[in-house]
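Have a look at the structure below, then the notes.
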Amino acid sequence: MIITVKLVVNGEPKTVETEPDRPLLDVIREDLQLTGAKYGCGEGECRACTVLMDGRPVTACDTPITKADGTRIVTIEGLAEGDALHPVQEAFIAEGAMQCGFCATGMILTAVSLLEQNPSPTDAQIVEWMNGNLCRCCGYPSILNAVRRAARQTTGAGA
Amino acid sequence: MAKLAWPGPDRRKNIGARISRLDGPEKTTGTAKYSYDMNREGMLYAKLYQSPHAIAKVTAVDTSEAEAMPGVKGVYIEKDRRGEFPNITYAGDIICAIAATSEEIADEALTKVKVSYSDIGSPQMNDNDPSLISGRDQSKEQGDPDAGFGEADAVSEGTYGLACITHACLESHGQMAEFKDGELYVWPSTQNVSGYAGGLARAAELSADKIHVECQYMGGGFGSKFGADKWGSISTILSKQTAKPVKLMLERDQEHKVAGHRPSAFGTVKIGVKKDGTITAWDSDIWGSGGMGNFRMPPLPYVFTGLPNYRTLGRGIKVNRGAARAWRGPNHPQAALITMCALDDAAHAIGMDSLSFFKKNLHLTDRPEVYAEELDKAAEMIDWKGKWHPRGENTGGSMRSGLGLSIHTWGGGGGQSDCAVTINPDGSVVGRTGTQDLGTGTRTVQAIVLSDTLGLPVDKVRIEIGKNSLPASGASGGSTTVGGVSSSTRDAATQALNALLEKVAPDLGVEADKLEAWDGRIQEIGNPSKGMSWEQACSLLGGMAITKQGSKDTSDGTILTVSGVGGVGIADVTVDIETGMVTINEYAAVQDCGLIIDEKTCESQLYGGTIMGITYALYEETVYDPATGAMLNPDFEFYKIAGLADVGKIKVHLMRGPKYEDRGVVGIGEPAVISQGAAIANAVANAIGVRVPELPLTPDRVLDAISKGGVA
């Protein structure tokens, strides 16, 4: 069976014809060719596949495409405005908050969703929010610094 | 002429500075294409069929029903060189593979494969029972251990060990394969771009020169991604068979089962010690398993190799699990855990502060001064003086705190590497090397060396890596990449610069050997007024670019990379004696790094190594069903990787100054991950008053140890 799913991806309306049992991640990566979201575990445990669905972070690897029908999806490719990177992206670059970088796109989108709902998080709030995003090369200290830096920049509290 | 030797501190602008990694923009915007991101027109997805049995003979593989499915395009059935089905030796062994137009079809087709087995046996899954030893004895003896024990005032004896863990790279193993015009193009996730093609030659039925390898970005390797592997061959064969591009990336459970294990190690250590802290004798009996492969005894006694009297015995146990692979710092975390915990127990046996005990015995190591400086630094960072208490002293309530330390060593001298540097008449510069960036910052390091050598800012040079068509560079193993590529880049860049200086000399009326590249100019040494801009100088090349090739073994024999570093770690933990939960409060990592090329990526290795070390100290362990041999936690739910909330406050310190930097470049990816298991285990023992014999230090193990004694 093939179903039709309508999504708004990075601001652009998309219509996808797909088998209904596919995860959102495969549709994004294979049908829409947006490969920034990664497969790490397929079970929503590592969050390398994180995208924003109606502003909330979801693990695309275990989100059925049917659940994404009618939603607004933001992937890492849609975060920058033209050439201007999002402050969280800038902060990750400045802090060197990645090594292999496979977790970086999911980390960044997770941090973006935190700062959108809480522009001035405490360290404890950052740690709690980001805790489920796994990094095997383990850039956690610089990831924490990057989220702090982005928060300072977005709230104008000085960098 | 420009000299090959590393410049002194006053002549380094980029080398040793804090430079942000150059691939940050690609990695933060999703434009970095990993092997797993390569999608080719008309490609097929291949999936593996794995044995559910740990021991069996495959007698038949029937793929007819799978092949009849619409969308199934190719089938591969594993056979040995005699054309027979291989004997299964672990649950997860690969039996066949299907290539189909979608992942879903490939998955469904796998359910229609029928495999018949005979001789299904019971696996041997226990790697911690010395009665199961089957390997040959590996032993070493120095001095007279028995006489040494006779001189001792006290003898401490303990059991120590670490479970088998996996590499758990976030990007799994695999590759994209495509044949075009009779040649093979592959995009593997690999630590070995230049050496990868040879492993596919048989499967591709091509000579290696017709196999084109590219890996620009890869999601971690940690020692598990050196070869083309079975899945590389399978995707190649399926691509040839179907005349389509074929992508085969392992799924997470497969990655855990087949793509690499760190050997376990367990055993007993007996140490003789005098009241003043002098170690008189060591006797260790170690066993463990590298799966069905050989077990290699960890280097014991570790670091304290000058122990006058010791005896060590190491023996392997065969276990029906996936093959062992090099795991970041092979055998050193095991050696550190066993040695440093046993020494800590010896210190306790004579009632001595662990720090004083270790410092007293540093003359038994290869670099006493380095370790002494590092231990003092780490002790200061963690406030050892303020926080230290004798083992098990009641720090009040159910939350008990403790300190523990460990020291380690590693080689890290540069591996073979060639680099070609081109200076173009328009002033653009490119360095080309067939190396790879595992996330460690290879590109960034090369750009720093290249730019500093030419007196340019980092963003004025470009680095090309990740293709086997580029000058060959060794596999990234043993922390040898930074030493290799920084040497070859420096050699090539210096030669290219000297060729440029020869061209420019007549125009400036200064002899070439009196010229320097500095601050974006070619000028008389120390005299900016007698010179010209880099661009002007390059324009004198006319229509001909300069390309020079350099090597790790440099053109004039100058040695730019050396082997051998020491480092220390101190852990500050709190143990909840009611739940057995261990919390890392702080970890201080102090490391001798040789000449640091990029302080930021160097620190990043120490942070990363420390967290990976905390992870194997507290969480990581493969768990198998003893009856079937099935891995029970091939995921990230029950195979736990530390998150941001689990790692406490990590403090890193890089040793700087001429004593360290004048030695040359040394890789530090591996030393960064060695001491954590021992330091944390020692801190837990200090907190609860009793040794938890094995890692990971899970609540059940901690409570079990507490129940057997300890905790005032």
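Simple scheme: letters A, B, ... for chains in structure tokens order, numbers from 1 for residues in each chain, numbers from 1 for ligands in the order shown.
When the distance limit is 10 Å and only C-alpha atoms are what count, the residues near Pro390 in chain B, minus those fewer than 5 positions from it on the same chain, are B:His348, B:Gly351, B:Met352, B:Asp353, B:Ser354, B:Gly402, B:Leu403, B:Asn686, B:Ala687, B:Gly689.
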Selection from above, C-alpha atoms, as a compact mmCIF listing (two decimals), in the first residue's frame, can you write it?
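Now in result.txt:
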```
# COMPACT_ATOMS: atom_id res chain seq x y z
CA HIS B 348 46.19 0.56 51.45
CA GLY B 351 48.24 2.49 55.29
CA MET B 352 49.92 4.90 52.90
CA ASP B 353 48.27 7.76 51.00
CA SER B 354 47.94 6.49 47.39
CA GLY B 402 36.57 8.99 47.46
CA LEU B 403 39.63 9.76 45.37
CA ASN B 686 38.54 4.68 48.64
CA ALA B 687 34.91 5.74 49.12
CA GLY B 689 36.35 0.78 51.87
```
From the DSSP assignment of the backbone, select every residue of chain A that is strand (DSSP E or B), and format the answer as a tab-separated table (two decimals) with C-alpha atoms, in the first residue's frame.
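The resulting states-v9.tsv:
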```tsv
chain	number	residue	atom	x	y	z
A	3	ILE	CA	-0.01	6.48	1.07
A	4	THR	CA	0.34	10.18	0.46
A	5	VAL	CA	1.85	12.26	3.23
A	6	LYS	CA	1.98	16.03	3.27
A	7	LEU	CA	4.70	17.75	5.27
A	8	VAL	CA	6.23	21.17	5.46
A	9	VAL	CA	9.95	20.55	5.52
A	12	GLU	CA	8.67	24.06	1.91
A	13	PRO	CA	5.50	22.03	1.41
A	14	LYS	CA	6.32	18.45	0.40
A	15	THR	CA	4.10	15.63	-0.74
A	16	VAL	CA	5.55	12.17	-0.34
A	17	GLU	CA	4.20	8.91	-1.72
A	18	THR	CA	5.41	6.18	0.59
A	23	PRO	CA	10.11	5.91	9.69
A	50	THR	CA	16.64	14.31	15.98
A	51	VAL	CA	14.54	16.71	13.91
A	52	LEU	CA	12.00	19.28	15.05
A	53	MET	CA	8.37	18.38	14.47
A	56	ARG	CA	9.54	19.82	19.34
A	57	PRO	CA	12.49	17.48	19.05
A	58	VAL	CA	11.55	13.99	17.90
A	59	THR	CA	13.61	10.95	17.11
A	64	PRO	CA	6.28	6.57	11.80
A	72	ARG	CA	6.12	21.14	10.11
A	73	ILE	CA	9.55	19.54	10.14
A	74	VAL	CA	12.81	21.37	10.60
A	81	GLU	CA	18.82	31.59	7.22
A	84	ALA	CA	23.63	33.18	8.28
```
Do you know which residues are at most 7 Å from Thr105 in chain A counting only C-alpha atoms, after dropping those on the same chain fewer than 5 positions away, and could you put them as a list in words?
-> Gly36, Ala37 and Ile76 of chain A; Thr28 and Gly30 of chain B
If you keep C-alpha atoms, can you produce a file of those selected residues as a compact mmCIF listing (two decimals), in the first residue's frame?
```txt
# COMPACT_ATOMS: atom_id res chain seq x y z
CA GLY A 36 21.86 15.69 7.94
CA ALA A 37 19.75 13.60 10.32
CA ILE A 76 19.54 20.72 10.23
CA THR B 28 26.96 21.67 11.97
CA GLY B 30 24.49 18.69 7.69
```
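All residues of protein, DNA or RNA that reach within 12 Å of Gly542 in chain B, judged by only C-alpha atoms and not counting those fewer than 6 positions away in the chain, are Ile423, Asn424, Pro425, Asp426, Gly427, Leu500, Lys503, Val504, Glu535 and Gln536 of chain B.
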Selection file, C-alpha atoms, as a PDB file, in the first residue's frame:
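Final output, saved to out_27.pdb:
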```pdb
ATOM      1  CA  ILE B 423      51.742  26.492  -4.349  1.00  0.00           C
ATOM      2  CA  ASN B 424      49.929  28.075  -7.268  1.00  0.00           C
ATOM      3  CA  PRO B 425      50.929  31.260  -9.097  1.00  0.00           C
ATOM      4  CA  ASP B 426      47.769  32.935  -7.770  1.00  0.00           C
ATOM      5  CA  GLY B 427      48.963  32.324  -4.225  1.00  0.00           C
ATOM      6  CA  LEU B 500      59.441  29.520  -4.054  1.00  0.00           C
ATOM      7  CA  LYS B 503      62.293  31.954  -7.504  1.00  0.00           C
ATOM      8  CA  VAL B 504      61.830  35.108  -5.484  1.00  0.00           C
ATOM      9  CA  GLU B 535      50.647  36.796  -3.662  1.00  0.00           C
ATOM     10  CA  GLN B 536      53.321  38.907  -5.362  1.00  0.00           C
TER      11      GLN B 536
END
```
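Here is the contact set of chain B against chain A, at 6 Å and counting only C-alpha atoms: Ser20, Gly24, Lys27, Thr28, Thr29, Gly30, Asp37, Leu170, Gly219, Gly220, Arg252, Leu438, Gly439, Thr440, Gly608, Ile611, Phe636, Gly643, Leu644 and Ala645 of chain B.
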Store the residues picked out above in a file with N, CA and C atoms, as a short mmCIF file (atom, residue, chain, number, x, y, z; two decimals), in the first residue's frame.
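File selection-v5.cif, as written:
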```cif
data_model
loop_
_atom_site.label_atom_id
_atom_site.label_comp_id
_atom_site.auth_asym_id
_atom_site.auth_seq_id
_atom_site.Cartn_x
_atom_site.Cartn_y
_atom_site.Cartn_z
N SER B 20 39.77 26.67 15.85
CA SER B 20 38.54 25.89 15.72
C SER B 20 38.66 24.92 14.56
N GLY B 24 33.99 22.26 11.13
CA GLY B 24 32.84 22.66 11.95
C GLY B 24 31.64 23.08 11.12
N LYS B 27 29.94 20.09 9.49
CA LYS B 27 29.35 19.15 10.45
C LYS B 27 28.16 19.76 11.18
N THR B 28 28.08 21.07 11.25
CA THR B 28 26.96 21.67 11.97
C THR B 28 25.80 22.04 11.04
N THR B 29 26.02 21.93 9.75
CA THR B 29 24.94 22.28 8.82
C THR B 29 24.39 21.06 8.09
N GLY B 30 24.97 19.91 8.35
CA GLY B 30 24.49 18.69 7.69
C GLY B 30 25.05 18.51 6.29
N ASP B 37 25.81 8.64 4.17
CA ASP B 37 24.98 9.63 3.48
C ASP B 37 25.09 9.55 1.97
N LEU B 170 29.18 5.69 16.47
CA LEU B 170 27.83 6.17 16.21
C LEU B 170 27.44 5.93 14.76
N GLY B 219 31.90 8.46 11.01
CA GLY B 219 31.34 8.64 12.34
C GLY B 219 32.00 7.79 13.41
N GLY B 220 33.30 7.92 13.55
CA GLY B 220 34.01 7.23 14.62
C GLY B 220 34.50 5.85 14.22
N ARG B 252 22.33 -1.16 14.14
CA ARG B 252 22.96 -1.04 15.46
C ARG B 252 23.22 -2.40 16.11
N LEU B 438 39.02 11.00 11.48
CA LEU B 438 38.04 10.21 12.24
C LEU B 438 37.18 11.10 13.13
N GLY B 439 37.49 12.38 13.10
CA GLY B 439 36.84 13.29 14.03
C GLY B 439 37.89 13.91 14.94
N THR B 440 39.12 13.41 14.78
CA THR B 440 40.20 13.87 15.62
C THR B 440 40.70 15.25 15.21
N GLY B 608 37.22 13.77 25.36
CA GLY B 608 36.55 12.61 24.78
C GLY B 608 37.06 11.31 25.37
N ILE B 611 35.69 10.80 28.87
CA ILE B 611 34.28 10.40 28.94
C ILE B 611 34.11 8.96 28.47
N PHE B 636 21.32 0.68 22.34
CA PHE B 636 21.81 1.75 23.22
C PHE B 636 20.89 1.94 24.42
N GLY B 643 25.86 9.86 29.06
CA GLY B 643 25.31 11.10 28.53
C GLY B 643 25.91 12.28 29.26
N LEU B 644 25.46 13.44 28.87
CA LEU B 644 26.01 14.68 29.45
C LEU B 644 25.86 14.71 30.97
N ALA B 645 24.79 14.10 31.49
CA ALA B 645 24.54 14.17 32.94
C ALA B 645 25.41 13.19 33.73
#
```
What is the CA of Ser224 in chain B to CA of Arg262 in chain B distance in Å?
-> 9.6 Å
Would you pick out the contacts of Val115 in chain B at 9 Å or less, using only C-alpha atoms, so that residues sharing its chain but fewer than 2 positions from it are not included, and give the list as a compact mmCIF listing (two decimals) with C-alpha atoms, in the first residue's frame?
```
# COMPACT_ATOMS: atom_id res chain seq x y z
CA SER B 51 22.99 -16.80 12.37
CA VAL B 58 24.99 -24.46 7.76
CA THR B 59 23.72 -27.23 5.53
CA ALA B 60 21.51 -25.29 3.12
CA VAL B 61 20.54 -21.72 2.32
CA ASP B 62 17.31 -21.35 0.35
CA THR B 63 16.79 -17.83 -0.97
CA ILE B 95 25.22 -16.28 6.36
CA VAL B 113 15.35 -16.86 3.63
CA TYR B 117 21.61 -26.07 10.25
```
Could you state the separation of CA of Thr435 in chain B and CA of Val193 in chain B in Å, given to one decimal place?
-> 6.1 Å
